[in-house]
$ cat work01.txt   # compact mmCIF, C-alpha atoms
# COMPACT_ATOMS: atom_id res chain seq x y z
CA MET N 1 7.92 -23.53 -7.56
CA SER N 2 10.02 -22.06 -4.81
CA PHE N 3 9.02 -21.43 -1.22
CA VAL N 4 9.12 -17.65 -1.70
CA TYR N 5 6.80 -17.84 -4.72
CA ILE N 6 4.29 -20.05 -2.91
CA ILE N 7 4.29 -17.72 0.12
CA SER N 8 3.77 -14.71 -2.18
CA LEU N 9 0.96 -16.48 -4.00
CA VAL N 10 -0.81 -17.55 -0.81
CA LEU N 11 -0.53 -14.09 0.79
CA SER N 12 -1.76 -12.27 -2.30
CA MET N 13 -4.66 -14.70 -2.72
CA LEU N 14 -5.66 -14.30 0.93
CA TRP N 15 -5.51 -10.52 0.55
CA PHE N 16 -7.63 -10.67 -2.61
CA VAL N 17 -10.19 -13.13 -1.23
CA GLY N 18 -10.55 -10.94 1.87
CA ILE N 19 -11.75 -8.06 -0.32
CA PHE N 20 -14.73 -10.19 -1.40
CA ALA N 21 -15.14 -11.90 1.97
CA ALA N 22 -15.83 -8.55 3.66
CA PRO N 23 -19.28 -8.03 2.04
CA TYR N 24 -20.09 -11.74 2.18
CA LEU N 25 -19.39 -12.05 5.92
CA THR N 26 -21.37 -8.88 6.57
CA HIS N 27 -24.20 -10.31 4.49
CA ILE N 28 -24.40 -13.63 6.33
CA SER N 29 -23.66 -12.49 9.87
CA GLU N 30 -25.42 -9.12 9.83
CA HIS N 31 -22.60 -7.82 11.98
CA TYR N 32 -20.07 -5.25 10.95
CA SER N 33 -17.18 -7.21 9.48
CA PHE N 34 -13.75 -6.86 11.03
CA LEU N 35 -12.34 -7.16 7.52
CA TYR N 36 -13.62 -3.68 6.66
CA TYR N 37 -11.59 -2.38 9.57
CA ILE N 38 -8.47 -4.16 8.31
CA TYR N 39 -8.85 -2.79 4.79
CA SER N 40 -9.62 0.71 6.09
CA PHE N 41 -5.88 1.07 6.70
CA VAL N 42 -5.20 0.96 2.97
CA CYS N 43 -8.35 2.42 1.36
CA HIS N 44 -10.97 5.15 1.84
CA GLN N 45 -13.76 2.57 1.18
CA ASP N 46 -16.16 5.20 -0.18
CA PRO N 47 -19.38 3.26 -1.04
CA ALA N 48 -19.96 5.45 -4.12
CA ARG N 49 -16.55 4.45 -5.45
CA SER N 50 -16.80 0.76 -4.67
CA PHE N 51 -18.23 -2.30 -6.34
CA HIS N 52 -21.01 -3.96 -4.35
CA LEU N 53 -21.74 -7.63 -3.77
CA TRP N 54 -24.49 -9.21 -1.64
CA GLY N 55 -25.76 -5.70 -0.97
CA TYR N 56 -22.52 -4.46 0.58
CA LYS N 57 -19.45 -2.67 -0.75
CA LEU N 58 -16.26 -4.65 -1.30
CA GLY N 59 -13.45 -4.36 1.24
CA VAL N 60 -11.67 -1.73 -0.89
CA CYS N 61 -12.72 0.80 -3.55
CA SER N 62 -12.87 -0.03 -7.25
CA ARG N 63 -9.41 1.47 -7.99
CA CYS N 64 -7.80 -0.51 -5.18
CA THR N 65 -9.66 -3.62 -6.35
CA GLY N 66 -8.01 -3.03 -9.74
CA ILE N 67 -4.59 -2.58 -8.12
CA TYR N 68 -4.81 -5.77 -6.07
CA SER N 69 -6.28 -7.68 -9.03
CA GLY N 70 -3.27 -6.57 -11.08
CA ALA N 71 -0.88 -7.69 -8.34
CA LEU N 72 -2.54 -11.10 -8.09
CA PHE N 73 -2.61 -11.40 -11.89
CA PHE N 74 1.15 -10.78 -12.03
CA ILE N 75 1.90 -13.33 -9.32
CA LEU N 76 -0.32 -15.94 -10.99
CA ALA N 77 1.27 -15.21 -14.38
CA PHE N 78 4.83 -15.13 -13.05
CA PRO N 79 5.72 -18.76 -13.93
CA PHE N 80 5.03 -17.88 -17.59
CA TRP N 81 5.75 -14.14 -17.71
CA LYS N 82 8.70 -12.41 -16.06
CA PRO N 83 8.82 -8.70 -16.93
CA LYS N 84 11.77 -6.67 -15.64
CA LEU N 85 11.33 -4.22 -12.78
CA ASN N 86 12.93 -1.25 -14.52
CA ALA N 87 12.08 2.46 -14.77
CA ARG N 88 10.54 2.10 -18.23
CA ASN N 89 8.10 -0.64 -17.20
CA VAL N 90 7.18 1.12 -13.95
CA ILE N 91 6.40 4.39 -15.77
CA ILE N 92 4.41 2.64 -18.54
CA LEU N 93 2.32 0.76 -15.99
CA PHE N 94 1.86 3.85 -13.81
CA VAL N 95 0.55 6.05 -16.66
CA PRO N 96 -3.02 4.59 -16.76
CA LEU N 97 -3.44 5.31 -13.04
CA LEU N 98 -2.22 8.88 -13.51
CA VAL N 99 -4.37 9.44 -16.60
CA GLY N 100 -7.41 7.99 -14.83
CA LYS N 101 -6.97 10.33 -11.87
CA LEU N 102 -6.35 13.35 -14.13
CA MET N 103 -9.38 12.60 -16.31
CA GLU N 104 -11.49 12.28 -13.20
CA LYS N 105 -10.26 15.66 -11.96
CA ILE N 106 -10.80 17.34 -15.34
CA THR N 107 -14.18 15.85 -16.26
CA GLY N 108 -15.40 15.38 -12.70
CA PHE N 109 -16.73 11.99 -13.67
CA SER N 110 -15.53 8.40 -13.70
CA THR N 111 -17.14 5.02 -13.30
CA ASN N 112 -16.09 2.17 -11.06
CA VAL N 113 -15.11 0.13 -14.13
CA GLU N 114 -12.85 2.97 -15.37
CA ARG N 115 -11.23 3.23 -11.94
CA PHE N 116 -10.72 -0.54 -11.84
CA ILE N 117 -9.09 -0.52 -15.29
CA SER N 118 -6.81 2.42 -14.41
CA GLY N 119 -5.63 0.68 -11.24
CA PHE N 120 -4.97 -2.75 -12.75
CA PRO N 121 -1.65 -1.99 -14.55
CA PHE N 122 -0.14 -0.34 -11.48
CA GLY N 123 -1.09 -3.47 -9.56
CA ILE N 124 1.36 -5.35 -11.76
CA VAL N 125 4.11 -2.99 -10.51
CA VAL N 126 3.00 -3.62 -6.92
CA GLY N 127 3.11 -7.36 -7.58
CA MET N 128 6.59 -7.06 -9.11
CA GLY N 129 7.87 -5.01 -6.17
CA PHE N 130 6.49 -7.54 -3.72
CA LEU N 131 7.60 -10.74 -5.45
CA TYR N 132 10.99 -9.56 -6.79
CA GLY N 133 11.81 -7.76 -3.54
CA LEU N 134 10.97 -10.75 -1.37
CA GLU N 135 12.75 -13.07 -3.77
CA ALA N 136 15.91 -10.98 -3.74
CA LEU N 137 15.77 -10.62 0.03
CA ILE N 138 15.14 -14.25 0.87
CA GLY N 139 16.23 -15.89 -2.37
CA GLY N 140 15.29 -19.22 -3.76
CA LEU N 141 12.91 -18.22 -6.51
CA ASN N 142 13.51 -20.19 -9.68
CA GLU N 143 14.22 -17.66 -12.42
CA GLY N 144 14.48 -20.26 -15.15
CA MET R 1 30.12 -0.46 -0.14
CA LYS R 2 26.55 -0.05 1.07
CA GLY R 3 25.37 3.00 3.02
CA ASP R 4 23.83 3.11 6.47
CA ILE R 5 20.52 1.24 6.20
CA TYR R 6 19.21 2.48 9.57
CA LYS R 7 19.88 6.16 8.89
CA SER R 8 18.19 5.89 5.48
CA ALA R 9 15.22 4.03 6.98
CA ILE R 10 14.80 6.67 9.68
CA PHE R 11 14.73 9.47 7.06
CA GLY R 12 12.13 7.75 4.91
CA GLY R 13 10.15 6.44 7.88
CA VAL R 14 9.83 9.79 9.62
CA ILE R 15 8.73 11.51 6.40
CA SER R 16 6.11 8.86 5.61
CA GLY R 17 5.01 8.77 9.27
CA LEU R 18 4.43 12.53 9.36
CA LEU R 19 2.55 12.50 6.06
CA SER R 20 0.44 9.54 7.24
CA GLY R 21 -0.26 10.99 10.68
CA PHE R 22 -1.62 14.43 9.87
CA PRO R 23 -5.32 14.69 9.01
CA VAL R 24 -6.29 15.49 5.40
CA VAL R 25 -2.67 14.98 4.25
CA ASN R 26 -2.96 11.33 5.26
CA LEU R 27 -5.73 10.84 2.68
CA GLY R 28 -2.88 10.23 0.22
CA ASN R 29 -2.62 6.78 1.75
CA CYS R 30 -6.06 5.98 0.35
CA LEU R 31 -4.33 5.48 -2.99
CA CYS R 32 -2.50 2.20 -2.41
CA CYS R 33 -0.68 3.60 0.64
CA LEU R 34 0.92 6.40 -1.40
CA TRP R 35 2.83 8.07 1.45
CA VAL R 36 3.92 4.73 2.84
CA MET R 37 5.27 3.59 -0.53
CA MET R 38 6.90 6.98 -0.97
CA GLY R 39 8.59 6.50 2.41
CA GLY R 40 10.13 3.31 1.06
CA LEU R 41 11.25 5.14 -2.08
CA ILE R 42 12.79 8.00 -0.08
CA SER R 43 14.65 5.66 2.24
CA LEU R 44 15.98 3.75 -0.78
CA TYR R 45 17.05 7.06 -2.33
CA PHE R 46 19.18 7.92 0.74
CA TYR R 47 20.46 4.36 1.02
CA GLN R 48 21.51 4.34 -2.64
CA LYS R 49 23.01 7.84 -2.35
CA ASP R 50 25.35 6.64 0.41
CA SER R 51 26.25 3.42 -1.43
CA THR R 52 28.97 2.96 -4.01
CA ILE R 53 27.37 -0.12 -5.55
CA LYS R 54 23.99 -0.57 -7.24
CA LEU R 55 21.49 -1.84 -4.69
CA ASP R 56 19.21 -4.70 -5.71
CA THR R 57 15.48 -5.14 -5.08
CA GLY R 58 16.24 -7.09 -1.89
CA ASP R 59 18.09 -4.09 -0.45
CA GLY R 60 15.19 -1.84 -1.45
CA PHE R 61 12.72 -4.25 0.13
CA ALA R 62 14.72 -4.39 3.38
CA VAL R 63 15.28 -0.64 3.80
CA GLY R 64 11.65 0.00 2.81
CA ALA R 65 10.35 -2.48 5.39
CA LEU R 66 12.44 -0.83 8.11
CA ALA R 67 11.21 2.61 7.05
CA GLY R 68 7.65 1.29 7.18
CA VAL R 69 8.03 0.14 10.78
CA ILE R 70 9.45 3.55 11.76
CA GLY R 71 6.68 5.27 9.79
CA ALA R 72 4.01 3.32 11.70
CA LEU R 73 5.64 4.22 15.03
CA VAL R 74 5.53 7.90 14.05
CA ALA R 75 2.09 7.96 12.38
CA THR R 76 0.01 6.02 14.91
CA PRO R 77 0.42 8.30 17.97
CA LEU R 78 0.00 11.38 15.74
CA ASP R 79 -3.14 9.95 14.17
CA LEU R 80 -4.59 9.03 17.56
CA VAL R 81 -4.09 12.55 18.92
CA PHE R 82 -5.64 14.20 15.85
CA SER R 83 -8.50 11.68 15.71
CA TYR R 84 -9.38 12.38 19.33
CA TRP R 85 -9.38 16.13 18.76
CA THR R 86 -11.56 15.93 15.67
CA ARG R 87 -13.82 13.11 16.89
CA SER R 88 -16.98 15.15 17.59
CA LEU R 89 -16.57 17.09 14.35
CA VAL R 90 -16.30 13.92 12.27
CA MET R 91 -19.24 12.27 14.09
CA ASN R 92 -21.45 15.30 13.35
CA PHE R 93 -20.37 15.29 9.71
CA LEU R 94 -21.08 11.57 9.28
CA GLU R 95 -24.46 11.93 11.00
CA THR R 96 -25.44 14.85 8.78
CA TYR R 97 -24.24 13.39 5.48
CA GLY R 98 -24.96 9.74 6.17
CA GLY R 99 -21.41 8.42 6.25
CA ASP R 100 -20.10 5.24 7.81
CA LEU R 101 -20.84 6.22 11.41
CA LYS R 102 -20.86 2.62 12.60
CA GLY R 103 -17.39 1.99 11.25
CA TYR R 104 -16.07 5.23 12.71
CA GLU R 105 -17.50 4.42 16.16
CA THR R 106 -15.88 0.99 16.00
CA TYR R 107 -12.55 2.70 15.57
CA PHE R 108 -12.86 4.29 19.01
CA THR R 109 -14.79 1.70 20.95
CA THR R 110 -13.40 -1.75 20.26
CA HIS R 111 -9.95 -1.33 18.81
CA SER R 112 -7.16 -0.32 21.07
CA PHE R 113 -4.09 1.71 20.29
CA ALA R 114 -2.01 -1.48 20.37
CA THR R 115 -4.19 -3.20 17.75
CA THR R 116 -3.97 -0.20 15.46
CA LEU R 117 -0.22 0.01 15.95
CA ILE R 118 0.33 -3.68 15.19
CA ILE R 119 -1.80 -3.62 12.04
CA ARG R 120 -0.09 -0.40 10.93
CA ILE R 121 3.38 -1.85 11.48
CA VAL R 122 2.54 -4.87 9.31
CA PHE R 123 0.89 -2.86 6.50
CA PHE R 124 3.40 -0.01 6.55
CA ALA R 125 6.31 -2.45 6.47
CA LEU R 126 4.76 -4.34 3.56
CA PHE R 127 3.82 -1.37 1.37
CA SER R 128 6.96 0.58 2.20
CA ALA R 129 9.04 -2.49 1.30
CA ILE R 130 7.24 -2.64 -2.06
CA GLY R 131 8.00 1.08 -2.54
CA GLY R 132 11.65 0.46 -1.74
CA ALA R 133 11.84 -2.46 -4.17
CA ILE R 134 10.22 -0.37 -6.94
CA GLY R 135 12.68 2.45 -6.17
CA THR R 136 15.63 0.27 -7.18
CA ALA R 137 14.40 0.65 -10.77
CA PHE R 138 15.09 4.39 -10.61
CA PHE R 139 18.07 5.13 -8.39
CA LYS R 140 21.67 4.46 -9.33
CA PRO R 141 24.91 4.94 -7.36
CA LYS R 142 27.06 8.00 -7.92
CA ALA R 143 29.70 7.36 -10.57
CA HIS R 144 32.71 8.44 -8.47
CA SER R 145 31.56 8.36 -4.89
CA ASN R 146 34.19 8.43 -2.13
CA SER R 147 31.87 7.16 0.59

$ encode --input "work01.txt" --output "structure tokens"
Amino acid sequence: MSFVYIISLVLSMLWFVGIFAAPYLTHISEHYSFLYYIYSFVCHQDPARSFHLWGYKLGVCSRCTGIYSGALFFILAFPFWKPKLNARNVIILFVPLLVGKLMEKITGFSTNVERFISGFPFGIVVGMGFLYGLEALIGGLNEG
Amino acid sequence: MKGDIYKSAIFGGVISGLLSGFPVVNLGNCLCCLWVMMGGLISLYFYQKDSTIKLDTGDGFAVGALAGVIGALVATPLDLVFSYWTRSLVMNFLETYGGDLKGYETYFTTHSFATTLIIRIVFFALFSAIGGAIGTAFFKPKAHSNS
């Protein structure tokens, strides 16, 4: 395990845990959590489009939860699975997100689970961009 | 030979900053920082266009991160001006339709411009860098470039 990989893993885990910590902290402290403010920079946080825990919405919407779950999944799986960051893989992994959005526009209906599933594959691309980019910039990641 | 990283970053950063600063248009960022990631992609496009060699993901990450910082410096003052103008309108809307009034008030009362700017710089740099790194999968150098 290289330094870059460990940093990537820690940062992505912190980011992911924060999504669930937002409702939990709000639940226990009964104060508006600062974490919601942090995540508001990257998500609309619409309660109707978010999973809820402890009576409060998660830090980000269900689609973003899927995206960040996908990114964390990729980083966790990286020691055993190293897909290439090429145009073909990016397009394949982007299609579910596009289809999900289009279906929602056409039918006017989608569930949080559907949004989560459509976001997950694109999260893998986000994870690849983050890990491969940082690795190439700083170096030191063990490819073998 | 690689192109001018700063010029490319300014192009991408200004475009993403403008898209992220104007109301309604900036809602695109609700989808995994779409405009911010696009800013990274655009900056990588210009960077690759001016380069005679194929840029790697590290180059994309670097130019994207720079574009993200510039994007945040453009978007934050714009957003603040528009938010102030539309403040009463948004408050009335949230009151009428039961939106997150508490969260919106927090935005104006406890968090300063500097806090917003710092958080934006970090997030914009990160997501724009990811966009730049992803862009390397698509853009190639010109076959017979003289630059």

$ interface_residues --input "work01.txt" --of "chain R" --to "chain N" --cutoff "6 Å" --atoms "only C-alpha atoms" --output "number ranges by chain"
R: 30, 33, 57-58, 61, 130, 133-134, 137-138

$ closest_residue --input "work01.txt" --among "N:Leu58, N:Leu53, N:Leu102, N:Ile91" --to "Gly135 (chain R)" --atoms "only C-alpha atoms"
N:Ile91

$ residues_near_point --input "work01.txt" --point "(-15.5, -10.6, 2.0)" --cutoff "10 Å" --atoms "all atoms listed in the file" --output "list in words"
Phe16, Val17, Gly18, Ile19, Phe20, Ala21, Ala22, Pro23, Tyr24, Leu25, Thr26, His27, Ser33, Phe34, Leu35, Tyr36, Leu53, Trp54, Tyr56, Lys57, Leu58 and Gly59 of chain N

$ atom_distance --input "work01.txt" --atom1 "CA of Thr65 (chain N)" --atom2 "CA of Ile117 (chain N)"
9.5 Å

$ closest_residue --input "work01.txt" --among "N:Ile28, N:Ala71, N:Leu11, N:Ile6" --to "Pro121 (chain N)" --atoms "all atoms listed in the file"
N:Ala71

$ atom_distance --input "work01.txt" --atom1 "CA of Ala65 (chain R)" --atom2 "CA of Pro23 (chain R)"
23.5 Å

$ residues_around --input "work01.txt" --residues "Ser16 (chain R)" --least-positions-apart "3" --cutoff "10 Å" --atoms "all atoms listed in the file" --output "list in words"
Ile10, Phe11, Gly12, Gly13, Leu19, Ser20, Gly21, Asn26, Asn29, Cys33, Leu34, Trp35, Val36, Met37, Met38, Gly39, Gly40, Leu41, Ile42, Ser43, Ala67, Gly68, Ile70, Gly71, Ala72, Val74, Ala75, Phe124 and Ser128 of chain R

$ atom_distance --input "work01.txt" --atom1 "CA of Ser50 (chain N)" --atom2 "CA of Val99 (chain N)"
19.3 Å

$ closest_residue --input "work01.txt" --among "R:Phe22, R:Thr86, R:Thr76, R:Asn92" --to "Ala114 (chain R)" --atoms "only C-alpha atoms"
R:Thr76

$ closest_residue --input "work01.txt" --among "N:Phe73, N:Lys105, N:Lys82, N:Ser62" --to "Ala48 (chain N)" --atoms "only C-alpha atoms"
N:Ser62

$ residues_around --input "work01.txt" --residues "Gln48 (chain R)" --least-positions-apart "4" --cutoff "9 Å" --atoms "all atoms listed in the file" --output "PyMOL selection string"
chain R and resi 2-3+8+43-44+52-55+60+136+139-142

$ write_last_selection --input "work01.txt" --atoms "C-alpha atoms" --output "mmCIF file, in the frame of the given file"
data_model
loop_
_atom_site.group_PDB
_atom_site.id
_atom_site.type_symbol
_atom_site.label_atom_id
_atom_site.label_comp_id
_atom_site.auth_asym_id
_atom_site.auth_seq_id
_atom_site.Cartn_x
_atom_site.Cartn_y
_atom_site.Cartn_z
ATOM 1 C CA LYS R 2 26.550 -0.050 1.070
ATOM 2 C CA GLY R 3 25.370 3.000 3.020
ATOM 3 C CA SER R 8 18.190 5.890 5.480
ATOM 4 C CA SER R 43 14.650 5.660 2.240
ATOM 5 C CA LEU R 44 15.980 3.750 -0.780
ATOM 6 C CA THR R 52 28.970 2.960 -4.010
ATOM 7 C CA ILE R 53 27.370 -0.120 -5.550
ATOM 8 C CA LYS R 54 23.990 -0.570 -7.240
ATOM 9 C CA LEU R 55 21.490 -1.840 -4.690
ATOM 10 C CA GLY R 60 15.190 -1.840 -1.450
ATOM 11 C CA THR R 136 15.630 0.270 -7.180
ATOM 12 C CA PHE R 139 18.070 5.130 -8.390
ATOM 13 C CA LYS R 140 21.670 4.460 -9.330
ATOM 14 C CA PRO R 141 24.910 4.940 -7.360
ATOM 15 C CA LYS R 142 27.060 8.000 -7.920
#

$ decode --input "work01.txt" --residues "region 14-63 of chain R" --atoms "C-alpha atoms" --output "PDB file, in the first residue's frame"
ATOM      1  CA  VAL R  14     -13.598  31.229 -15.775  1.00  0.00           C
ATOM      2  CA  ILE R  15     -16.172  29.145 -17.682  1.00  0.00           C
ATOM      3  CA  SER R  16     -16.915  26.910 -14.683  1.00  0.00           C
ATOM      4  CA  GLY R  17     -16.918  29.938 -12.355  1.00  0.00           C
ATOM      5  CA  LEU R  18     -19.491  31.775 -14.468  1.00  0.00           C
ATOM      6  CA  LEU R  19     -21.699  28.690 -14.776  1.00  0.00           C
ATOM      7  CA  SER R  20     -21.428  28.075 -11.017  1.00  0.00           C
ATOM      8  CA  GLY R  21     -22.044  31.691 -10.042  1.00  0.00           C
ATOM      9  CA  PHE R  22     -25.259  32.509 -11.875  1.00  0.00           C
ATOM     10  CA  PRO R  23     -28.530  31.515 -10.204  1.00  0.00           C
ATOM     11  CA  VAL R  24     -30.554  28.655 -11.744  1.00  0.00           C
ATOM     12  CA  VAL R  25     -27.652  27.784 -14.084  1.00  0.00           C
ATOM     13  CA  ASN R  26     -25.581  26.869 -11.028  1.00  0.00           C
ATOM     14  CA  LEU R  27     -28.069  24.103 -10.184  1.00  0.00           C
ATOM     15  CA  GLY R  28     -26.014  21.963 -12.571  1.00  0.00           C
ATOM     16  CA  ASN R  29     -23.508  21.657  -9.753  1.00  0.00           C
ATOM     17  CA  CYS R  30     -26.087  19.698  -7.767  1.00  0.00           C
ATOM     18  CA  LEU R  31     -25.178  16.733  -9.947  1.00  0.00           C
ATOM     19  CA  CYS R  32     -21.735  15.841  -8.612  1.00  0.00           C
ATOM     20  CA  CYS R  33     -20.407  19.359  -9.295  1.00  0.00           C
ATOM     21  CA  LEU R  34     -21.181  19.089 -13.019  1.00  0.00           C
ATOM     22  CA  TRP R  35     -19.983  22.576 -14.025  1.00  0.00           C
ATOM     23  CA  VAL R  36     -16.914  22.278 -11.840  1.00  0.00           C
ATOM     24  CA  MET R  37     -15.949  18.938 -13.377  1.00  0.00           C
ATOM     25  CA  MET R  38     -16.677  20.359 -16.812  1.00  0.00           C
ATOM     26  CA  GLY R  39     -14.317  23.243 -16.024  1.00  0.00           C
ATOM     27  CA  GLY R  40     -11.581  20.686 -15.415  1.00  0.00           C
ATOM     28  CA  LEU R  41     -12.435  18.951 -18.690  1.00  0.00           C
ATOM     29  CA  ILE R  42     -12.393  22.230 -20.640  1.00  0.00           C
ATOM     30  CA  SER R  43      -9.073  23.307 -19.175  1.00  0.00           C
ATOM     31  CA  LEU R  44      -7.611  19.902 -20.033  1.00  0.00           C
ATOM     32  CA  TYR R  45      -8.978  20.258 -23.567  1.00  0.00           C
ATOM     33  CA  PHE R  46      -7.105  23.559 -24.069  1.00  0.00           C
ATOM     34  CA  TYR R  47      -4.003  22.215 -22.342  1.00  0.00           C
ATOM     35  CA  GLN R  48      -3.968  19.133 -24.573  1.00  0.00           C
ATOM     36  CA  LYS R  49      -4.713  21.231 -27.679  1.00  0.00           C
ATOM     37  CA  ASP R  50      -1.559  23.293 -27.065  1.00  0.00           C
ATOM     38  CA  SER R  51       0.576  20.233 -26.276  1.00  0.00           C
ATOM     39  CA  THR R  52       2.423  18.043 -28.741  1.00  0.00           C
ATOM     40  CA  ILE R  53       2.558  15.049 -26.409  1.00  0.00           C
ATOM     41  CA  LYS R  54      -0.238  13.015 -24.824  1.00  0.00           C
ATOM     42  CA  LEU R  55      -0.932  14.369 -21.349  1.00  0.00           C
ATOM     43  CA  ASP R  56      -1.335  11.863 -18.519  1.00  0.00           C
ATOM     44  CA  THR R  57      -3.909  11.816 -15.703  1.00  0.00           C
ATOM     45  CA  GLY R  58      -1.493  13.725 -13.456  1.00  0.00           C
ATOM     46  CA  ASP R  59      -1.406  16.620 -15.937  1.00  0.00           C
ATOM     47  CA  GLY R  60      -5.205  16.542 -16.132  1.00  0.00           C
ATOM     48  CA  PHE R  61      -5.438  16.494 -12.342  1.00  0.00           C
ATOM     49  CA  ALA R  62      -3.062  19.460 -12.018  1.00  0.00           C
ATOM     50  CA  VAL R  63      -4.654  21.693 -14.668  1.00  0.00           C
TER      51      VAL R  63
END
